[in-house]
file data35.txt (compact mmCIF, C-alpha atoms)
# COMPACT_ATOMS: atom_id res chain seq x y z
CA MET A 7 109.07 28.66 21.75
CA ASN A 8 110.65 25.20 22.15
CA THR A 9 109.38 23.46 25.28
CA ALA A 10 110.95 20.09 24.53
CA ALA A 11 112.73 18.69 27.56
CA THR A 12 116.43 18.06 27.25
CA THR A 13 117.72 14.68 28.30
CA GLU A 14 121.00 13.74 29.86
CA LYS A 15 122.71 11.14 27.69
CA SER A 16 126.08 9.81 28.75
CA THR A 17 128.58 7.12 27.83
CA TRP A 18 129.95 4.69 30.40
CA ASN A 19 132.73 2.17 29.67
CA ILE A 20 133.01 -1.25 31.25
CA ASP A 21 135.68 -1.42 33.95
CA PRO A 22 137.19 -4.86 33.25
CA ALA A 23 138.96 -4.97 36.63
CA HIS A 24 135.61 -4.79 38.43
CA SER A 25 133.41 -6.78 36.05
CA VAL A 26 132.86 -10.48 35.50
CA ALA A 27 130.94 -12.69 33.10
CA GLU A 28 130.16 -16.11 34.63
CA PHE A 29 128.34 -19.21 33.48
CA LYS A 30 126.99 -22.38 35.05
CA VAL A 31 126.28 -25.69 33.31
CA ARG A 32 125.18 -29.13 34.53
CA HIS A 33 128.02 -31.70 34.52
CA MET A 34 127.29 -35.43 34.33
CA MET A 35 123.68 -34.61 35.24
CA ILE A 36 124.64 -34.49 38.92
CA SER A 37 126.14 -31.08 39.69
CA ASN A 38 126.91 -27.69 38.18
CA VAL A 39 130.28 -26.50 36.97
CA LYS A 40 130.96 -22.78 36.95
CA GLY A 41 133.33 -20.77 34.85
CA ARG A 42 134.07 -17.20 33.96
CA PHE A 43 135.51 -15.08 31.23
CA THR A 44 138.16 -12.72 32.52
CA THR A 45 138.39 -10.25 29.62
CA ILE A 46 135.27 -8.13 29.05
CA SER A 47 134.87 -4.75 27.36
CA GLY A 48 132.07 -2.53 26.12
CA SER A 49 129.99 0.53 26.78
CA LEU A 50 126.66 1.72 28.05
CA HIS A 51 125.01 4.71 26.37
CA LEU A 52 122.73 5.82 29.17
CA ASP A 53 119.70 8.05 28.72
CA GLU A 54 119.18 9.09 32.31
CA ALA A 55 115.80 10.72 31.62
CA LYS A 56 114.36 7.74 29.76
CA ILE A 57 116.23 4.49 30.40
CA GLU A 58 114.35 2.80 27.54
CA ASN A 59 116.43 4.89 25.10
CA SER A 60 119.70 3.49 26.49
CA THR A 61 121.89 0.99 24.64
CA ILE A 62 124.68 -1.40 25.61
CA GLU A 63 127.36 -3.24 23.70
CA ALA A 64 129.76 -5.75 25.20
CA SER A 65 132.46 -8.10 23.99
CA ILE A 66 134.15 -11.00 25.76
CA GLU A 67 137.43 -12.58 24.73
CA ALA A 68 136.61 -16.29 24.29
CA ALA A 69 140.17 -17.36 25.11
CA SER A 70 139.84 -15.74 28.55
CA ILE A 71 137.66 -18.65 29.76
CA ALA A 72 138.63 -19.94 33.21
CA THR A 73 136.95 -22.84 35.02
CA GLY A 74 139.69 -23.68 37.50
CA ASP A 75 140.87 -26.69 35.48
CA THR A 76 143.49 -26.07 32.77
CA GLN A 77 142.66 -29.29 30.87
CA ARG A 78 138.94 -28.40 30.76
CA ASP A 79 139.77 -24.81 29.76
CA ALA A 80 141.91 -26.08 26.86
CA HIS A 81 139.03 -28.33 25.71
CA LEU A 82 136.56 -25.43 25.92
CA LYS A 83 138.90 -23.28 23.77
CA SER A 84 139.20 -26.06 21.17
CA PRO A 85 137.03 -26.57 18.04
CA ASP A 86 134.82 -28.91 20.13
CA PHE A 87 133.40 -25.85 21.92
CA PHE A 88 134.31 -22.16 21.47
CA ASP A 89 136.94 -22.66 18.73
CA VAL A 90 138.70 -19.49 19.88
CA GLU A 91 141.01 -19.45 16.84
CA ASN A 92 138.06 -18.95 14.49
CA PHE A 93 135.62 -17.23 16.89
CA PRO A 94 137.73 -15.07 19.22
CA ALA A 95 134.87 -13.08 20.78
CA LEU A 96 131.42 -13.42 22.26
CA SER A 97 129.33 -10.26 21.93
CA PHE A 98 126.04 -8.65 22.84
CA LYS A 99 124.37 -5.59 21.32
CA SER A 100 121.09 -4.37 22.79
CA THR A 101 118.03 -3.77 20.63
CA ALA A 102 115.52 -2.72 23.32
CA VAL A 103 115.38 -1.80 26.99
CA ARG A 104 112.18 -2.26 28.99
CA ARG A 105 111.63 -1.04 32.55
CA LEU A 106 109.88 -3.60 34.77
CA SER A 107 110.22 -1.74 38.07
CA ALA A 108 112.29 1.01 39.67
CA ASP A 109 115.39 -1.21 39.70
CA GLU A 110 114.67 -4.01 37.21
CA LEU A 111 114.96 -3.98 33.43
CA LYS A 112 114.68 -6.43 30.56
CA VAL A 113 117.35 -5.84 27.94
CA ASP A 114 116.78 -7.51 24.58
CA GLY A 115 119.58 -7.85 22.09
CA ASP A 116 121.66 -9.87 19.71
CA LEU A 117 123.97 -12.39 21.40
CA THR A 118 126.79 -13.82 19.27
CA ILE A 119 128.60 -16.97 20.37
CA HIS A 120 130.67 -19.25 18.13
CA GLY A 121 129.73 -17.13 15.10
CA VAL A 122 125.99 -17.60 15.66
CA THR A 123 123.84 -14.56 16.45
CA LEU A 124 120.49 -15.07 18.16
CA PRO A 125 118.12 -12.88 20.16
CA ALA A 126 118.60 -12.98 23.93
CA THR A 127 116.95 -11.22 26.85
CA PHE A 128 118.79 -10.34 30.04
CA THR A 129 117.06 -9.52 33.31
CA VAL A 130 118.98 -6.56 34.69
CA GLU A 131 119.14 -5.07 38.18
CA GLY A 132 120.31 -1.48 38.00
CA PRO A 133 121.92 0.61 36.94
CA THR A 134 122.78 1.68 40.44
CA ALA A 135 122.95 5.34 41.39
CA ALA A 136 126.22 6.89 40.27
CA ALA A 137 128.96 6.97 42.88
CA LYS A 138 132.29 8.77 42.81
CA ASP A 139 135.40 6.65 43.35
CA PRO A 140 138.48 7.92 45.25
CA TRP A 141 140.02 9.16 41.96
CA GLY A 142 137.02 11.30 41.00
CA ASN A 143 135.48 8.93 38.43
CA LEU A 144 131.73 8.37 38.39
CA ARG A 145 130.68 4.71 38.41
CA VAL A 146 127.45 2.71 38.04
CA GLY A 147 126.86 -1.03 38.24
CA ILE A 148 124.46 -3.65 36.94
CA SER A 149 123.76 -7.31 37.59
CA ALA A 150 122.31 -9.28 34.67
CA THR A 151 121.20 -12.87 34.07
CA THR A 152 119.90 -15.01 31.23
CA LYS A 153 119.67 -18.64 30.15
CA ILE A 154 120.58 -20.00 26.75
CA ASN A 155 120.78 -23.41 25.07
CA ARG A 156 124.39 -23.92 23.99
CA LYS A 157 123.33 -26.12 21.05
CA ASP A 158 121.47 -23.16 19.53
CA PHE A 159 124.88 -21.50 19.17
CA GLY A 160 126.57 -24.50 17.55
CA LEU A 161 128.21 -25.75 20.76
CA THR A 162 127.06 -29.33 20.28
CA TRP A 163 129.95 -31.49 21.57
CA ASN A 164 128.91 -34.02 24.18
CA ALA A 165 129.53 -37.55 25.40
CA ALA A 166 127.05 -40.19 26.51
CA LEU A 167 127.40 -41.58 30.02
CA GLU A 168 127.43 -45.32 30.69
CA THR A 169 124.61 -44.89 33.19
CA GLY A 170 122.55 -42.90 30.71
CA GLY A 171 122.40 -39.17 30.17
CA ILE A 172 125.05 -36.80 28.89
CA LEU A 173 128.32 -35.35 30.15
CA VAL A 174 127.54 -31.65 29.54
CA GLY A 175 124.13 -30.07 29.98
CA GLU A 176 122.58 -27.99 27.23
CA GLU A 177 121.18 -25.13 29.33
CA ILE A 178 123.69 -22.46 30.29
CA ASN A 179 122.98 -19.92 33.03
CA ILE A 180 124.83 -16.66 32.41
CA SER A 181 125.36 -14.01 35.07
CA LEU A 182 127.11 -10.69 34.74
CA GLU A 183 128.35 -8.27 37.37
CA VAL A 184 129.44 -5.16 35.52
CA GLN A 185 130.82 -1.85 36.72
CA PHE A 186 130.96 1.12 34.34
CA ILE A 187 133.06 4.30 34.48
CA LYS A 188 131.64 7.49 33.00
CA ALA A 189 133.59 8.46 29.89
call {"tool": "encode", "arguments": {"input": "data35.txt", "output": "C-alpha cells"}}
result
Amino acid sequence: MNTAATTEKSTWNIDPAHSVAEFKVRHMMISNVKGRFTTISGSLHLDEAKIENSTIEASIEAASIATGDTQRDAHLKSPDFFDVENFPALSFKSTAVRRLSADELKVDGDLTIHGVTLPATFTVEGPTAAAKDPWGNLRVGISATTKINRKDFGLTWNAALETGGILVGEEINISLEVQFIKA
C-alpha cells in the first residue's frame, strides 16, 4: 500500500501589470536615485506542501528601464551600462528556497545582468495566501530584496568628482513587488 503523501504543485505566471522591479543607487555620494524596469515576465512553480521544492524564473527587458530622466535612461541603455542592444534581458533562475519563518524565505539563484551570471540571494516575504480576483483568477504576491555590486556584473562606468568620490555608487539595492496569476 502506498502511503506517500501527494503534494499540490502549481504554476503561477507573473502579472506584469501588477509587478515592478526597482533599484536604488547612490548618486554623487550624497543621495539615492531610484529607477524601475517596466517589463517583467516569468513564472513560479509552487509546491504548496513543501515550499522548499518551489522554483522561480524571471526575466526583465533591459530597455524598459525608467528613472524619470530620459537622458539618464538613454545613458543607462548605452554600452556604458546595460548595453541593451547586446544584452537585452536581465534574468534570475532559482537554485534553492529556504524557509526562515512562516512568511519569510531566502531564495538563492543565478542572476544574469549584462551577460554575467553570478549567484544571488533574495530575501522574500510571501507568497501571500491565494486570493481570487473579480474575474475568477487566483493570485499570490511576493516582496523580495537583495543587494549587488554592479561592478561584479561588468557595469563599471563611472566618473570622478572634483570634490573626491565617484558619480555612481557601486552597491545596488534591488526590490521586487510581484503578483502572480495561477496558470
call {"tool": "atom_distance", "arguments": {"input": "data35.txt", "atom1": "CA of Glu28 in chain A", "atom2": "CA of Ala137 in chain A"}}
result
24.5 Å
call {"tool": "atom_distance", "arguments": {"input": "data35.txt", "atom1": "CA of Glu58 in chain A", "atom2": "CA of Thr45 in chain A"}}
result
27.4 Å
call {"tool": "closest_residue", "arguments": {"input": "data35.txt", "among": "A:His120, A:Lys30, A:Lys157, A:Arg105", "to": "Asp89 in chain A", "atoms": "all atoms listed in the file"}}
result
A:His120
call {"tool": "closest_residue", "arguments": {"input": "data35.txt", "among": "A:Gln77, A:Asn92, A:Ser149, A:Thr162", "to": "Phe186 in chain A", "atoms": "all atoms listed in the file"}}
result
A:Ser149
call {"tool": "closest_residue", "arguments": {"input": "data35.txt", "among": "A:Ile187, A:Ala108, A:Ala150, A:Leu96", "to": "Val122 in chain A", "atoms": "only C-alpha atoms"}}
result
A:Leu96
call {"tool": "closest_residue", "arguments": {"input": "data35.txt", "among": "A:Leu50, A:Ile62, A:Ile57, A:Ile71", "to": "Asp109 in chain A", "atoms": "only C-alpha atoms"}}
result
A:Ile57
call {"tool": "decode", "arguments": {"input": "data35.txt", "residues": "range 16-94 of chain A", "atoms": "C-alpha atoms", "output": "mmCIF file, in the first residue's frame"}}
result
data_model
loop_
_atom_site.group_PDB
_atom_site.id
_atom_site.type_symbol
_atom_site.label_atom_id
_atom_site.label_comp_id
_atom_site.auth_asym_id
_atom_site.auth_seq_id
_atom_site.Cartn_x
_atom_site.Cartn_y
_atom_site.Cartn_z
ATOM 1 C CA SER A 16 1.054 24.600 -9.348
ATOM 2 C CA THR A 17 2.349 27.121 -11.863
ATOM 3 C CA TRP A 18 1.817 30.846 -11.427
ATOM 4 C CA ASN A 19 2.755 33.449 -14.066
ATOM 5 C CA ILE A 20 3.957 36.952 -13.306
ATOM 6 C CA ASP A 21 1.288 39.591 -13.886
ATOM 7 C CA PRO A 22 3.362 42.390 -15.457
ATOM 8 C CA ALA A 23 0.616 44.981 -14.911
ATOM 9 C CA HIS A 24 0.831 44.461 -11.143
ATOM 10 C CA SER A 25 4.552 43.790 -10.722
ATOM 11 C CA VAL A 26 7.586 46.029 -10.529
ATOM 12 C CA ALA A 27 11.352 45.622 -10.336
ATOM 13 C CA GLU A 28 13.024 48.667 -8.751
ATOM 14 C CA PHE A 29 16.567 49.635 -7.890
ATOM 15 C CA LYS A 30 18.306 52.286 -5.821
ATOM 16 C CA VAL A 31 21.880 53.540 -6.204
ATOM 17 C CA ARG A 32 23.902 56.310 -4.536
ATOM 18 C CA HIS A 33 24.410 59.355 -6.794
ATOM 19 C CA MET A 34 27.329 61.745 -6.243
ATOM 20 C CA MET A 35 27.767 60.168 -2.805
ATOM 21 C CA ILE A 36 25.025 62.425 -1.427
ATOM 22 C CA SER A 37 21.637 60.896 -2.258
ATOM 23 C CA ASN A 38 19.971 57.883 -3.823
ATOM 24 C CA VAL A 39 18.481 57.703 -7.286
ATOM 25 C CA LYS A 40 15.719 55.191 -7.921
ATOM 26 C CA GLY A 41 14.651 53.528 -11.109
ATOM 27 C CA ARG A 42 12.498 50.693 -12.292
ATOM 28 C CA PHE A 43 12.132 48.237 -15.089
ATOM 29 C CA THR A 44 8.638 48.235 -16.524
ATOM 30 C CA THR A 45 8.669 44.941 -18.455
ATOM 31 C CA ILE A 46 8.932 41.808 -16.299
ATOM 32 C CA SER A 47 7.877 38.227 -17.022
ATOM 33 C CA GLY A 48 8.348 34.791 -15.523
ATOM 34 C CA SER A 49 6.791 32.029 -13.508
ATOM 35 C CA LEU A 50 6.632 30.480 -10.079
ATOM 36 C CA HIS A 51 6.370 26.700 -9.783
ATOM 37 C CA LEU A 52 4.891 26.449 -6.320
ATOM 38 C CA ASP A 53 4.964 23.334 -4.168
ATOM 39 C CA GLU A 54 2.305 24.265 -1.662
ATOM 40 C CA ALA A 55 3.074 21.321 0.648
ATOM 41 C CA LYS A 56 6.819 21.972 0.780
ATOM 42 C CA ILE A 57 7.792 25.483 -0.307
ATOM 43 C CA GLU A 58 11.472 24.457 -0.425
ATOM 44 C CA ASN A 59 10.676 22.439 -3.575
ATOM 45 C CA SER A 60 9.375 25.539 -5.384
ATOM 46 C CA THR A 61 11.241 27.294 -8.198
ATOM 47 C CA ILE A 62 11.052 30.704 -9.849
ATOM 48 C CA GLU A 63 12.307 32.137 -13.110
ATOM 49 C CA ALA A 64 12.040 35.772 -14.129
ATOM 50 C CA SER A 65 13.198 37.958 -16.992
ATOM 51 C CA ILE A 66 13.335 41.740 -17.264
ATOM 52 C CA GLU A 67 13.618 43.684 -20.502
ATOM 53 C CA ALA A 68 16.712 45.880 -20.027
ATOM 54 C CA ALA A 69 15.407 48.546 -22.410
ATOM 55 C CA SER A 70 12.366 49.048 -20.161
ATOM 56 C CA ILE A 71 14.498 50.975 -17.633
ATOM 57 C CA ALA A 72 12.846 54.166 -16.373
ATOM 58 C CA THR A 73 14.385 56.617 -13.903
ATOM 59 C CA GLY A 74 12.265 59.667 -14.650
ATOM 60 C CA ASP A 75 15.001 61.302 -16.742
ATOM 61 C CA THR A 76 15.133 60.451 -20.466
ATOM 62 C CA GLN A 77 18.793 61.498 -20.841
ATOM 63 C CA ARG A 78 19.854 59.284 -17.909
ATOM 64 C CA ASP A 79 17.710 56.413 -19.233
ATOM 65 C CA ALA A 80 19.418 56.675 -22.640
ATOM 66 C CA HIS A 81 22.847 56.574 -20.939
ATOM 67 C CA LEU A 82 21.836 53.532 -18.864
ATOM 68 C CA LYS A 83 20.723 51.730 -22.056
ATOM 69 C CA SER A 84 24.037 52.526 -23.774
ATOM 70 C CA PRO A 85 27.206 50.370 -23.841
ATOM 71 C CA ASP A 86 28.436 52.341 -20.777
ATOM 72 C CA PHE A 87 25.908 50.445 -18.644
ATOM 73 C CA PHE A 88 23.329 47.823 -19.701
ATOM 74 C CA ASP A 89 24.214 47.789 -23.429
ATOM 75 C CA VAL A 90 20.656 46.751 -24.244
ATOM 76 C CA GLU A 91 21.493 46.027 -27.892
ATOM 77 C CA ASN A 92 23.853 43.213 -26.887
ATOM 78 C CA PHE A 93 22.278 42.240 -23.536
ATOM 79 C CA PRO A 94 18.515 42.718 -23.928
#
